[in-house]
Amino acid sequence: MSDPSSDRPSDPLYVPALPARRNALDAYDSLPPRVRACVTPLWSIPPRVRTRGPRPPHPLDPDPAALAARLRAVLHRIEAVQRGRPAWIDAFHVEDQVWPFDASGRPGAARTSLRPVTGVERPAGQQTAGAEAARASGSGLGVRVFPTGLSDEKLRDEVGLLLDRIAFARCPLDLLLDLGAVVDEHCPAEKRALRALALLGPLHRWRTVVLLAGSFPRGYPEDYGAPLAEAHRFDWDVWHMLVDGPDRPEVRVAYGDYGADHTGSADRPLEAAGGSPWGVVRYTTERTFLLARVPTRGTDHADAVRALVREIVCAEGFRGAEFSEGERWLVSCAAGAGGAGVGGPEVWLRSGHVQHMAQVVRALRRRP
């Protein structure tokens, strides 16, 4: 199956897989234009309400009208922050009988830069609907593949069947190879990625190939010590071993991660009640995440937050207030200057995403 597109855009430099929540959307929106131009997000739309089990139930939402309204609002916000730049939209948690890609609510939407996403684990109807939406919009289609749990032959056959099913659309296709959580240096993630690329690369002339992985810890690693914990960025190492190693693939493989959050961040519902008495302020260095476990409530919680944020600001590898809006917020919080507040989990995550994306773009642009 050939790629009929003669309009090949420049390959993305960096692909963060981000949940389409306010903190991540605002973080991307606040990036300087020169940084934002290097970032092509994969937006995953979280469920509206909590679901149970490893796969969403059917129907996906007890209130289809509320789901449709929320979906239109989220997609409208994505289109606004993208400013016409391309991005992938994975609606796994909210797609049901009808493909929900059209932010206007009308079938046969106008051309858009947003690219729907499908995968081998999706129902056949979703796969063809995604291809139809991609053909109508002219944006292309993302094929997200999770190579874990499948034998080499099964993986190749499943992707081949998918490609045959959507061939009618004759639209550009992007391979989004997602390794999921990589939190151990002994995990054979690099070999798994190499095998998957060797199997799937020849099946199609992919417009873009992205390797995604995430190393941000799901739980706070308390055994790392106080006051700051440190988690290694194994996802960064895996990509480097792949693209700089002796068996590096012939095609260009773009770097992707899960921003400054863990791989399950898009599984939490948009409408979540309550909150934890603890949160995490995070900071991305060249090779690690620095993590401070801070209280979200209590009479003295503001002083506790400022004290731990000061540890981050004074840590080796802190890039200074001029580097990004994320660093500026951390410095202001630590000093309490100008009546700056200490925020809460949403602010801490937004700050984390901003400085993380800015750091990754700088590191990638420095590569030869």
# chains A, B, ... in the order shown; residues from 1 in each chain; ligands from 1

call {"tool": "closest_atom_pairs", "arguments": {"of": "segment 155-258 of chain A", "to": "segment 348-359 of chain A", "cutoff": "12 Å", "atoms": "only C-alpha atoms", "output": "Markdown table"}}
result
| residue | atom | partner | partner_atom | distance |
| --- | --- | --- | --- | --- |
| A:Phe216 | CA | A:Gly352 | CA | 11.4 |
| A:Arg233 | CA | A:His356 | CA | 11.6 |
| A:Tyr255 | CA | A:Met357 | CA | 11.8 |
| A:Gly256 | CA | A:Met357 | CA | 10.6 |
| A:Asp257 | CA | A:Met357 | CA | 9.8 |
| A:Tyr258 | CA | A:His353 | CA | 9.4 |

call {"tool": "write_last_selection", "arguments": {"atoms": "all heavy atoms", "output": "CSV table (one decimal), in the first residue's frame"}}
result
chain,number,residue,atom,x,y,z
A,216,PHE,N,7.8,8.5,33.9
A,216,PHE,CA,7.4,9.2,35.1
A,216,PHE,C,6.7,8.2,36.1
A,216,PHE,O,5.8,7.5,35.6
A,216,PHE,CB,6.4,10.4,34.8
A,216,PHE,CG,6.2,11.4,35.9
A,216,PHE,CD1,7.1,12.5,36.1
A,216,PHE,CD2,5.3,11.1,36.9
A,216,PHE,CE1,6.9,13.4,37.1
A,216,PHE,CE2,5.1,12.0,38.0
A,216,PHE,CZ,5.9,13.1,38.1
A,233,ARG,N,14.9,9.0,33.7
A,233,ARG,CA,14.2,9.1,32.5
A,233,ARG,C,14.6,8.0,31.5
A,233,ARG,O,15.3,8.2,30.5
A,233,ARG,CB,14.4,10.5,31.9
A,233,ARG,CG,13.8,11.6,32.7
A,233,ARG,CD,14.1,13.0,32.1
A,233,ARG,NE,13.7,13.1,30.7
A,233,ARG,CZ,14.1,14.0,29.9
A,233,ARG,NH1,15.1,14.8,30.2
A,233,ARG,NH2,13.6,14.1,28.6
A,255,TYR,N,11.1,11.4,18.6
A,255,TYR,CA,11.0,11.1,20.1
A,255,TYR,C,9.7,11.5,20.6
A,255,TYR,O,9.1,12.5,20.3
A,255,TYR,CB,12.1,11.9,20.8
A,255,TYR,CG,12.0,11.8,22.3
A,255,TYR,CD1,12.3,10.6,23.0
A,255,TYR,CD2,11.5,12.8,23.1
A,255,TYR,CE1,12.2,10.5,24.4
A,255,TYR,CE2,11.4,12.7,24.5
A,255,TYR,CZ,11.7,11.6,25.1
A,255,TYR,OH,11.6,11.5,26.5
A,256,GLY,N,9.1,10.6,21.4
A,256,GLY,CA,7.8,10.9,22.1
A,256,GLY,C,7.9,10.4,23.5
A,256,GLY,O,8.5,9.4,23.8
A,257,ASP,N,7.2,11.1,24.4
A,257,ASP,CA,7.0,10.6,25.8
A,257,ASP,C,5.7,11.0,26.3
A,257,ASP,O,4.8,11.4,25.5
A,257,ASP,CB,8.2,11.2,26.7
A,257,ASP,CG,8.2,12.7,26.7
A,257,ASP,OD1,7.2,13.4,26.4
A,257,ASP,OD2,9.3,13.3,27.1
A,258,TYR,N,5.5,11.0,27.6
A,258,TYR,CA,4.2,11.3,28.2
A,258,TYR,C,4.3,12.6,29.0
A,258,TYR,O,3.5,12.8,30.0
A,258,TYR,CB,3.7,10.2,29.1
A,258,TYR,CG,3.1,9.0,28.3
A,258,TYR,CD1,3.8,8.1,27.6
A,258,TYR,CD2,1.7,8.9,28.3
A,258,TYR,CE1,3.3,7.1,26.9
A,258,TYR,CE2,1.1,7.8,27.7
A,258,TYR,CZ,1.9,6.9,26.9
A,258,TYR,OH,1.3,5.9,26.2

call {"tool": "residues_around", "arguments": {"residues": "Ala169 of chain A", "least_positions_apart": "6", "cutoff": "7 Å", "atoms": "only C-alpha atoms", "output": "number ranges by chain"}}
result
A: 131-132, 135

call {"tool": "residues_around", "arguments": {"residues": "Val117 of chain A", "least_positions_apart": "2", "cutoff": "8 Å", "atoms": "only C-alpha atoms", "output": "mmCIF file with N, CA, C and O atoms, in the first residue's frame"}}
result
data_model
loop_
_atom_site.group_PDB
_atom_site.id
_atom_site.type_symbol
_atom_site.label_atom_id
_atom_site.label_comp_id
_atom_site.auth_asym_id
_atom_site.auth_seq_id
_atom_site.Cartn_x
_atom_site.Cartn_y
_atom_site.Cartn_z
ATOM 1 N N TRP A 88 -2.300 14.795 16.796
ATOM 2 C CA TRP A 88 -3.101 13.585 16.763
ATOM 3 C C TRP A 88 -4.121 13.617 17.899
ATOM 4 O O TRP A 88 -3.845 14.144 18.980
ATOM 5 N N ILE A 89 -5.302 13.023 17.647
ATOM 6 C CA ILE A 89 -6.366 12.955 18.640
ATOM 7 C C ILE A 89 -6.735 11.493 18.851
ATOM 8 O O ILE A 89 -7.239 10.830 17.933
ATOM 9 N N ASP A 90 -6.478 10.979 20.054
ATOM 10 C CA ASP A 90 -6.858 9.612 20.391
ATOM 11 C C ASP A 90 -8.083 9.681 21.305
ATOM 12 O O ASP A 90 -8.003 10.132 22.447
ATOM 13 N N ALA A 91 -9.214 9.217 20.778
ATOM 14 C CA ALA A 91 -10.479 9.298 21.504
ATOM 15 C C ALA A 91 -10.909 7.931 22.024
ATOM 16 O O ALA A 91 -12.103 7.643 22.142
ATOM 17 N N ARG A 115 -5.506 15.062 13.499
ATOM 18 C CA ARG A 115 -5.424 13.737 12.893
ATOM 19 C C ARG A 115 -6.024 12.700 13.834
ATOM 20 O O ARG A 115 -5.547 12.527 14.964
ATOM 21 N N GLY A 119 -6.142 1.916 15.964
ATOM 22 C CA GLY A 119 -5.175 0.896 16.380
ATOM 23 C C GLY A 119 -5.740 -0.490 16.178
ATOM 24 O O GLY A 119 -6.934 -0.658 15.906
ATOM 25 N N GLY A 130 -12.454 6.072 11.456
ATOM 26 C CA GLY A 130 -11.287 6.930 11.581
ATOM 27 C C GLY A 130 -10.654 7.219 10.235
ATOM 28 O O GLY A 130 -10.233 8.350 9.956
ATOM 29 N N LEU A 141 -3.983 9.887 9.196
ATOM 30 C CA LEU A 141 -4.452 9.025 10.277
ATOM 31 C C LEU A 141 -3.272 8.486 11.065
ATOM 32 O O LEU A 141 -2.276 8.044 10.483
ATOM 33 N N GLY A 142 -3.374 8.532 12.391
ATOM 34 C CA GLY A 142 -2.365 7.926 13.243
ATOM 35 C C GLY A 142 -2.717 6.487 13.574
ATOM 36 O O GLY A 142 -3.863 6.198 13.931
ATOM 37 N N VAL A 143 -1.762 5.600 13.439
ATOM 38 C CA VAL A 143 -1.943 4.196 13.802
ATOM 39 C C VAL A 143 -1.105 3.949 15.054
ATOM 40 O O VAL A 143 0.128 3.885 14.980
ATOM 41 N N ARG A 144 -1.767 3.841 16.200
ATOM 42 C CA ARG A 144 -1.074 3.670 17.471
ATOM 43 C C ARG A 144 -0.969 2.182 17.790
ATOM 44 O O ARG A 144 -1.982 1.482 17.876
#

call {"tool": "atom_distance", "arguments": {"atom1": "atom CA of Pro116 of chain A", "atom2": "atom CA of Lys191 of chain A"}}
result
28.4 Å

call {"tool": "select_by_dssp", "arguments": {"residues": "segment 262-327 of chain A", "states": "strand (DSSP E)", "output": "list in words"}}
result
Trp278, Gly279, Val280, Val281, Arg282, Tyr283, Thr284, Thr288, Phe289, Leu290, Leu291, Ala292, Arg293, Val294 and Pro295 of chain A

call {"tool": "residues_around", "arguments": {"residues": "Val251 of chain A", "least_positions_apart": "2", "cutoff": "8 Å", "atoms": "only C-alpha atoms", "output": "ChimeraX atom specification"}}
result
/A:209,249,253

call {"tool": "write_last_selection", "arguments": {"atoms": "C-alpha atoms", "output": "compact mmCIF listing (two decimals), in the first residue's frame"}}
result
# COMPACT_ATOMS: atom_id res chain seq x y z
CA VAL A 209 7.29 7.20 12.74
CA PRO A 249 16.49 1.84 11.90
CA VAL A 253 12.14 7.94 14.38

call {"tool": "atom_distance", "arguments": {"atom1": "atom CA of Glu311 of chain A", "atom2": "atom CA of Ser215 of chain A"}}
result
22.1 Å

call {"tool": "select_by_dssp", "arguments": {"residues": "segment 103-347 of chain A", "states": "helix (DSSP H, G or I)", "output": "ChimeraX atom specification"}}
result
/A:124-137,152-169,189-203,222-224,234-244,265-267,301-313,325-335,337-339,345-347

call {"tool": "atom_distance", "arguments": {"atom1": "atom CA of Trp43 of chain A", "atom2": "atom CA of Val361 of chain A"}}
result
17.8 Å

call {"tool": "residues_around", "arguments": {"residues": "Gly245 of chain A", "least_positions_apart": "5", "cutoff": "12 Å", "atoms": "only C-alpha atoms", "output": "VMD selection string"}}
result
chain A and resid 190 to 191 194 237 to 240 250

call {"tool": "residues_around", "arguments": {"residues": "Leu162 of chain A", "least_positions_apart": "6", "cutoff": "9 Å", "atoms": "only C-alpha atoms", "output": "NGL selection string"}}
result
:A and (119-120 or 124 or 127)

call {"tool": "decode", "arguments": {"residues": "segment 326-360 of chain A", "atoms": "N, CA, C and O atoms", "output": "tab-separated table (two decimals), in the first residue's frame"}}
result
chain	number	residue	atom	x	y	z
A	326	GLY	N	7.50	27.62	33.19
A	326	GLY	CA	7.51	26.68	34.29
A	326	GLY	C	8.55	27.04	35.34
A	326	GLY	O	8.27	27.02	36.55
A	327	GLU	N	9.77	27.37	34.90
A	327	GLU	CA	10.80	27.79	35.84
A	327	GLU	C	10.43	29.11	36.52
A	327	GLU	O	10.69	29.28	37.72
A	328	ARG	N	9.83	30.02	35.77
A	328	ARG	CA	9.45	31.30	36.37
A	328	ARG	C	8.45	31.10	37.50
A	328	ARG	O	8.54	31.75	38.54
A	329	TRP	N	7.49	30.19	37.28
A	329	TRP	CA	6.52	29.94	38.35
A	329	TRP	C	7.20	29.34	39.57
A	329	TRP	O	6.91	29.71	40.71
A	330	LEU	N	8.11	28.39	39.37
A	330	LEU	CA	8.80	27.76	40.50
A	330	LEU	C	9.59	28.79	41.31
A	330	LEU	O	9.56	28.78	42.54
A	331	VAL	N	10.28	29.68	40.62
A	331	VAL	CA	11.06	30.70	41.32
A	331	VAL	C	10.14	31.63	42.10
A	331	VAL	O	10.41	31.97	43.26
A	332	SER	N	9.05	32.05	41.49
A	332	SER	CA	8.11	32.94	42.18
A	332	SER	C	7.47	32.25	43.38
A	332	SER	O	7.31	32.86	44.45
A	333	CYS	N	7.12	30.98	43.21
A	333	CYS	CA	6.53	30.23	44.32
A	333	CYS	C	7.52	30.10	45.47
A	333	CYS	O	7.16	30.31	46.64
A	334	ALA	N	8.76	29.75	45.16
A	334	ALA	CA	9.76	29.57	46.20
A	334	ALA	C	10.00	30.84	46.99
A	334	ALA	O	10.18	30.81	48.21
A	335	ALA	N	9.99	31.98	46.30
A	335	ALA	CA	10.29	33.25	46.95
A	335	ALA	C	9.05	33.90	47.56
A	335	ALA	O	9.18	34.77	48.44
A	336	GLY	N	7.87	33.49	47.09
A	336	GLY	CA	6.66	34.16	47.54
A	336	GLY	C	6.61	35.60	47.08
A	336	GLY	O	5.97	36.44	47.70
A	337	ALA	N	7.29	35.90	46.01
A	337	ALA	CA	7.40	37.29	45.53
A	337	ALA	C	6.09	37.76	44.94
A	337	ALA	O	5.39	37.01	44.25
A	338	GLY	N	5.78	39.02	45.20
A	338	GLY	CA	4.61	39.63	44.60
A	338	GLY	C	3.31	38.98	44.98
A	338	GLY	O	2.34	38.99	44.22
A	339	GLY	N	3.28	38.33	46.15
A	339	GLY	CA	2.07	37.66	46.58
A	339	GLY	C	1.78	36.39	45.81
A	339	GLY	O	0.63	35.93	45.77
A	340	ALA	N	2.79	35.80	45.18
A	340	ALA	CA	2.59	34.57	44.41
A	340	ALA	C	2.11	33.46	45.31
A	340	ALA	O	2.64	33.24	46.40
A	341	GLY	N	1.08	32.76	44.87
A	341	GLY	CA	0.56	31.65	45.64
A	341	GLY	C	1.36	30.38	45.40
A	341	GLY	O	2.31	30.36	44.61
A	342	VAL	N	0.96	29.31	46.10
A	342	VAL	CA	1.66	28.04	45.95
A	342	VAL	C	0.92	27.09	45.03
A	342	VAL	O	1.39	25.99	44.75
A	343	GLY	N	-0.25	27.52	44.53
A	343	GLY	CA	-0.98	26.70	43.58
A	343	GLY	C	-1.54	25.44	44.19
A	343	GLY	O	-1.77	25.34	45.39
A	344	GLY	N	-1.77	24.47	43.33
A	344	GLY	CA	-2.30	23.17	43.71
A	344	GLY	C	-1.94	22.17	42.64
A	344	GLY	O	-1.16	22.48	41.73
A	345	PRO	N	-2.48	20.94	42.71
A	345	PRO	CA	-2.09	19.91	41.74
A	345	PRO	C	-2.19	20.32	40.29
A	345	PRO	O	-1.32	19.97	39.48
A	346	GLU	N	-3.24	21.08	39.91
A	346	GLU	CA	-3.37	21.50	38.51
A	346	GLU	C	-2.24	22.45	38.11
A	346	GLU	O	-1.66	22.32	37.04
A	347	VAL	N	-1.93	23.39	38.97
A	347	VAL	CA	-0.85	24.35	38.69
A	347	VAL	C	0.50	23.64	38.66
A	347	VAL	O	1.34	23.91	37.79
A	348	TRP	N	0.72	22.72	39.59
A	348	TRP	CA	2.00	22.01	39.65
A	348	TRP	C	2.21	21.16	38.39
A	348	TRP	O	3.32	21.10	37.85
A	349	LEU	N	1.13	20.53	37.92
A	349	LEU	CA	1.25	19.71	36.71
A	349	LEU	C	1.44	20.59	35.48
A	349	LEU	O	2.22	20.27	34.58
A	350	ARG	N	0.72	21.70	35.42
A	350	ARG	CA	0.90	22.61	34.29
A	350	ARG	C	2.33	23.12	34.22
A	350	ARG	O	2.97	23.11	33.16
A	351	SER	N	2.87	23.56	35.36
A	351	SER	CA	4.26	24.02	35.41
A	351	SER	C	5.22	22.91	34.99
A	351	SER	O	6.18	23.14	34.25
A	352	GLY	N	4.93	21.69	35.45
A	352	GLY	CA	5.79	20.56	35.08
A	352	GLY	C	5.79	20.29	33.59
A	352	GLY	O	6.85	20.06	32.99
A	353	HIS	N	4.62	20.33	32.96
A	353	HIS	CA	4.54	20.09	31.52
A	353	HIS	C	5.27	21.19	30.74
A	353	HIS	O	5.96	20.90	29.76
A	354	VAL	N	5.10	22.44	31.16
A	354	VAL	CA	5.73	23.54	30.43
A	354	VAL	C	7.24	23.39	30.40
A	354	VAL	O	7.87	23.40	29.33
A	355	GLN	N	7.85	23.26	31.58
A	355	GLN	CA	9.32	23.19	31.60
A	355	GLN	C	9.82	21.89	30.99
A	355	GLN	O	10.89	21.87	30.38
A	356	HIS	N	9.05	20.80	31.12
A	356	HIS	CA	9.47	19.53	30.51
A	356	HIS	C	9.53	19.65	28.99
A	356	HIS	O	10.53	19.27	28.36
A	357	MET	N	8.46	20.17	28.38
A	357	MET	CA	8.44	20.29	26.92
A	357	MET	C	9.54	21.23	26.43
A	357	MET	O	10.20	20.95	25.41
A	358	ALA	N	9.75	22.32	27.16
A	358	ALA	CA	10.82	23.25	26.75
A	358	ALA	C	12.19	22.58	26.86
A	358	ALA	O	13.05	22.77	25.98
A	359	GLN	N	12.40	21.79	27.90
A	359	GLN	CA	13.69	21.11	28.07
A	359	GLN	C	13.92	20.08	26.97
A	359	GLN	O	15.02	19.98	26.41
A	360	VAL	N	12.88	19.29	26.65
A	360	VAL	CA	13.03	18.26	25.62
A	360	VAL	C	13.33	18.90	24.26
A	360	VAL	O	14.20	18.44	23.52
